[in-house]
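Report on the following structure.
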Amino acid sequence: MANSVPPDYRAMARVKPLCEQIGRQRIAAVVHAFYDRLRVHPELEHFFSVIHDWPAHEELIVEYWWVVLGGDAMEEREFAMADKHRALNLAESDFDLWLDCLRETLVEQLEPHLAAQWEKHAKQVIDFIKPSILGR
Ligand code: HEM
């Protein structure tokens with residue numbers, strides 16, 4: 001009975017990557033709201049004084065999350081995660097504060113299941129990059 005299932009239903013059942021479930025515009029809204037928090041965070045804001053072109057930085061981070069959340073890169077750009085963060089001399093506790101800010105933003109901006117999945121991806125990235133940034 002191969003033809004008994006309408007093609008639309010089959011397409012709907014396929015899991016969309018998280019980036020598409022959220023959409024580029026909402027990723028941009030999350031990134032913007034996230035940096036609004038970081039820019040006034042008492043313990044983290046000083047790190048961001050190295051950023052002079054905020055729109056360009058936010059655009060870069062939107063592209064970053066687009067790819068991390070399963071999308072195809074729209075720009076040819078390597079991310080210099082380890083080098084740039086090593087230069088900031090971050091402490092372990094900074095990652096916790098950063099993640100708290102992201103979680104608060106996600107909960108505010110997205111449906112709970114999307115917020116939870118994005119946070120899970122962020123934690124995986126942190127587990128991956130933290131040792132090389134903290135030098136352990
Ligand atoms: C622990 C707290 C963190 C602080 C204070 C922080 C701060 C910064 C700052 C100041 C920059 C700009 C550096 C520059 O242009 O010289 C930057 C870049 C960036 N950050 Fe973070 N960051 C943190 C954690 C993270 C985490 C956990 C992620 C990913 C999940 C992340 C993703 C990025 C990306 C993708 C860039 C752009 C790198 C590039 O230019 O290639 N950051 N961060």
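Identifiers in the structure tokens: chain A, B, ... in order shown; residue index from 1 per chain; ligand index from 1 in order shown.
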
For this session: Would you list the residues that come within 9 Å of ligand 1? Count only C-alpha atoms and all ligand atoms and give the answer as a PyMOL selection string.
Result: chain A and resi 38+43-52+57+60-65+68+77-85+87-99+121-127+129-130

Problem set entry | Spatial neighbours of Gln109 in chain A, max dist 9 Å, only C-alpha atoms, sep filter under 4 positions, as number ranges by chain | A: 26, 29-30, 33, 104-105, 115

Just to be explicit: take each residue in the selection above, keep N, CA and C atoms, and write the result as a PDB file, in the first residue's frame.
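Ended up saving to out_13.pdb:
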ATOM      1  N   ARG A  26      13.522  34.444  14.561  1.00  0.00           N
ATOM      2  CA  ARG A  26      13.439  34.287  16.025  1.00  0.00           C
ATOM      3  C   ARG A  26      14.823  34.007  16.620  1.00  0.00           C
ATOM      4  N   ALA A  29      16.120  37.336  17.132  1.00  0.00           N
ATOM      5  CA  ALA A  29      15.487  38.001  18.277  1.00  0.00           C
ATOM      6  C   ALA A  29      16.083  37.498  19.594  1.00  0.00           C
ATOM      7  N   VAL A  30      16.350  36.188  19.661  1.00  0.00           N
ATOM      8  CA  VAL A  30      16.965  35.617  20.873  1.00  0.00           C
ATOM      9  C   VAL A  30      18.365  36.206  21.066  1.00  0.00           C
ATOM     10  N   ALA A  33      18.157  39.832  22.272  1.00  0.00           N
ATOM     11  CA  ALA A  33      17.717  39.926  23.673  1.00  0.00           C
ATOM     12  C   ALA A  33      18.792  39.394  24.628  1.00  0.00           C
ATOM     13  N   GLU A 104      17.505  32.251  30.560  1.00  0.00           N
ATOM     14  CA  GLU A 104      16.454  33.247  30.843  1.00  0.00           C
ATOM     15  C   GLU A 104      15.901  33.843  29.549  1.00  0.00           C
ATOM     16  N   THR A 105      16.808  34.104  28.613  1.00  0.00           N
ATOM     17  CA  THR A 105      16.384  34.685  27.331  1.00  0.00           C
ATOM     18  C   THR A 105      15.531  33.695  26.545  1.00  0.00           C
ATOM     19  N   ALA A 115      12.988  26.132  23.679  1.00  0.00           N
ATOM     20  CA  ALA A 115      13.979  26.708  24.604  1.00  0.00           C
ATOM     21  C   ALA A 115      14.849  25.600  25.200  1.00  0.00           C
TER      22      ALA A 115
END

Exercise. DSSP says alpha helix (DSSP H) for which residues of chain A? Put them as a PyMOL selection string?
Worked result: chain A and resi 7-13+18-22+24-38+54-68+81-86+92-109+112-134

Output C-alpha atoms for every residue in that selection, as a PDB file, in the first residue's frame.
ATOM      1  CA  PRO A   7       3.006  12.872   0.549  1.00  0.00           C
ATOM      2  CA  ASP A   8       2.209  15.939   2.711  1.00  0.00           C
ATOM      3  CA  TYR A   9       1.769  13.793   5.793  1.00  0.00           C
ATOM      4  CA  ARG A  10       5.046  12.027   5.130  1.00  0.00           C
ATOM      5  CA  ALA A  11       6.844  15.379   4.830  1.00  0.00           C
ATOM      6  CA  MET A  12       5.251  16.646   8.055  1.00  0.00           C
ATOM      7  CA  ALA A  13       6.404  13.560   9.949  1.00  0.00           C
ATOM      8  CA  LEU A  18      15.813  22.958  15.246  1.00  0.00           C
ATOM      9  CA  CYS A  19      17.027  26.038  13.326  1.00  0.00           C
ATOM     10  CA  GLU A  20      14.052  25.711  10.976  1.00  0.00           C
ATOM     11  CA  GLN A  21      11.570  24.998  13.740  1.00  0.00           C
ATOM     12  CA  ILE A  22      12.640  28.253  15.390  1.00  0.00           C
ATOM     13  CA  ARG A  24      16.126  32.670  11.421  1.00  0.00           C
ATOM     14  CA  GLN A  25      14.108  35.690  12.586  1.00  0.00           C
ATOM     15  CA  ARG A  26      13.439  34.287  16.025  1.00  0.00           C
ATOM     16  CA  ILE A  27      17.078  33.185  16.343  1.00  0.00           C
ATOM     17  CA  ALA A  28      18.002  36.820  15.645  1.00  0.00           C
ATOM     18  CA  ALA A  29      15.487  38.001  18.277  1.00  0.00           C
ATOM     19  CA  VAL A  30      16.965  35.617  20.873  1.00  0.00           C
ATOM     20  CA  VAL A  31      20.527  36.737  20.074  1.00  0.00           C
ATOM     21  CA  HIS A  32      19.535  40.391  20.346  1.00  0.00           C
ATOM     22  CA  ALA A  33      17.717  39.926  23.673  1.00  0.00           C
ATOM     23  CA  PHE A  34      20.588  37.782  24.995  1.00  0.00           C
ATOM     24  CA  TYR A  35      23.141  40.532  24.336  1.00  0.00           C
ATOM     25  CA  ASP A  36      20.806  43.098  25.888  1.00  0.00           C
ATOM     26  CA  ARG A  37      21.174  41.069  29.072  1.00  0.00           C
ATOM     27  CA  LEU A  38      24.927  40.489  28.756  1.00  0.00           C
ATOM     28  CA  TRP A  54      27.379  45.232  17.697  1.00  0.00           C
ATOM     29  CA  PRO A  55      25.183  44.687  14.623  1.00  0.00           C
ATOM     30  CA  ALA A  56      28.049  42.811  12.901  1.00  0.00           C
ATOM     31  CA  HIS A  57      28.716  40.747  16.035  1.00  0.00           C
ATOM     32  CA  GLU A  58      25.059  39.845  16.449  1.00  0.00           C
ATOM     33  CA  GLU A  59      24.817  38.878  12.776  1.00  0.00           C
ATOM     34  CA  LEU A  60      27.818  36.609  13.227  1.00  0.00           C
ATOM     35  CA  ILE A  61      26.277  34.982  16.307  1.00  0.00           C
ATOM     36  CA  VAL A  62      22.947  34.474  14.516  1.00  0.00           C
ATOM     37  CA  GLU A  63      24.857  32.622  11.799  1.00  0.00           C
ATOM     38  CA  TYR A  64      26.725  30.665  14.475  1.00  0.00           C
ATOM     39  CA  TRP A  65      23.531  29.454  16.156  1.00  0.00           C
ATOM     40  CA  TRP A  66      21.879  28.791  12.800  1.00  0.00           C
ATOM     41  CA  VAL A  67      24.666  26.298  12.062  1.00  0.00           C
ATOM     42  CA  VAL A  68      24.859  24.845  15.602  1.00  0.00           C
ATOM     43  CA  MET A  81      36.021  30.272  19.323  1.00  0.00           C
ATOM     44  CA  ALA A  82      39.022  29.012  21.271  1.00  0.00           C
ATOM     45  CA  ASP A  83      41.416  31.868  20.404  1.00  0.00           C
ATOM     46  CA  LYS A  84      38.909  34.663  21.026  1.00  0.00           C
ATOM     47  CA  HIS A  85      37.636  33.281  24.314  1.00  0.00           C
ATOM     48  CA  ARG A  86      41.096  32.344  25.591  1.00  0.00           C
ATOM     49  CA  GLU A  92      34.655  28.536  35.048  1.00  0.00           C
ATOM     50  CA  SER A  93      31.905  30.530  36.804  1.00  0.00           C
ATOM     51  CA  ASP A  94      31.599  32.877  33.783  1.00  0.00           C
ATOM     52  CA  PHE A  95      30.242  29.976  31.725  1.00  0.00           C
ATOM     53  CA  ASP A  96      27.540  29.346  34.364  1.00  0.00           C
ATOM     54  CA  LEU A  97      26.517  33.019  34.370  1.00  0.00           C
ATOM     55  CA  TRP A  98      26.535  33.102  30.555  1.00  0.00           C
ATOM     56  CA  LEU A  99      24.338  30.001  30.433  1.00  0.00           C
ATOM     57  CA  ASP A 100      21.938  31.461  33.037  1.00  0.00           C
ATOM     58  CA  CYS A 101      21.500  34.520  30.798  1.00  0.00           C
ATOM     59  CA  LEU A 102      20.917  32.365  27.748  1.00  0.00           C
ATOM     60  CA  ARG A 103      18.371  30.188  29.596  1.00  0.00           C
ATOM     61  CA  GLU A 104      16.454  33.247  30.843  1.00  0.00           C
ATOM     62  CA  THR A 105      16.384  34.685  27.331  1.00  0.00           C
ATOM     63  CA  LEU A 106      15.272  31.438  25.724  1.00  0.00           C
ATOM     64  CA  VAL A 107      12.441  30.935  28.210  1.00  0.00           C
ATOM     65  CA  GLU A 108      11.276  34.486  27.599  1.00  0.00           C
ATOM     66  CA  GLN A 109      11.428  34.269  23.783  1.00  0.00           C
ATOM     67  CA  PRO A 112       9.345  25.668  26.336  1.00  0.00           C
ATOM     68  CA  HIS A 113      10.256  22.670  24.136  1.00  0.00           C
ATOM     69  CA  LEU A 114      12.291  24.850  21.737  1.00  0.00           C
ATOM     70  CA  ALA A 115      13.979  26.708  24.604  1.00  0.00           C
ATOM     71  CA  ALA A 116      14.949  23.403  26.236  1.00  0.00           C
ATOM     72  CA  GLN A 117      16.409  21.983  23.028  1.00  0.00           C
ATOM     73  CA  TRP A 118      18.441  25.119  22.292  1.00  0.00           C
ATOM     74  CA  GLU A 119      19.786  25.103  25.860  1.00  0.00           C
ATOM     75  CA  LYS A 120      20.805  21.464  25.437  1.00  0.00           C
ATOM     76  CA  HIS A 121      22.838  22.382  22.348  1.00  0.00           C
ATOM     77  CA  ALA A 122      24.463  25.282  24.212  1.00  0.00           C
ATOM     78  CA  LYS A 123      25.490  22.965  27.055  1.00  0.00           C
ATOM     79  CA  GLN A 124      27.015  20.528  24.573  1.00  0.00           C
ATOM     80  CA  VAL A 125      29.030  23.336  22.977  1.00  0.00           C
ATOM     81  CA  ILE A 126      30.209  24.489  26.405  1.00  0.00           C
ATOM     82  CA  ASP A 127      31.298  20.960  27.370  1.00  0.00           C
ATOM     83  CA  PHE A 128      33.231  20.782  24.116  1.00  0.00           C
ATOM     84  CA  ILE A 129      34.945  24.194  24.149  1.00  0.00           C
ATOM     85  CA  LYS A 130      35.441  24.857  27.878  1.00  0.00           C
ATOM     86  CA  PRO A 131      38.540  22.647  28.387  1.00  0.00           C
ATOM     87  CA  SER A 132      40.421  24.322  25.528  1.00  0.00           C
ATOM     88  CA  ILE A 133      39.409  27.801  26.711  1.00  0.00           C
ATOM     89  CA  LEU A 134      40.220  27.273  30.368  1.00  0.00           C
TER      90      LEU A 134
END

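CA of Arg39 in chain A is positioned 27.2 Å from CA of Gly71 in chain A.
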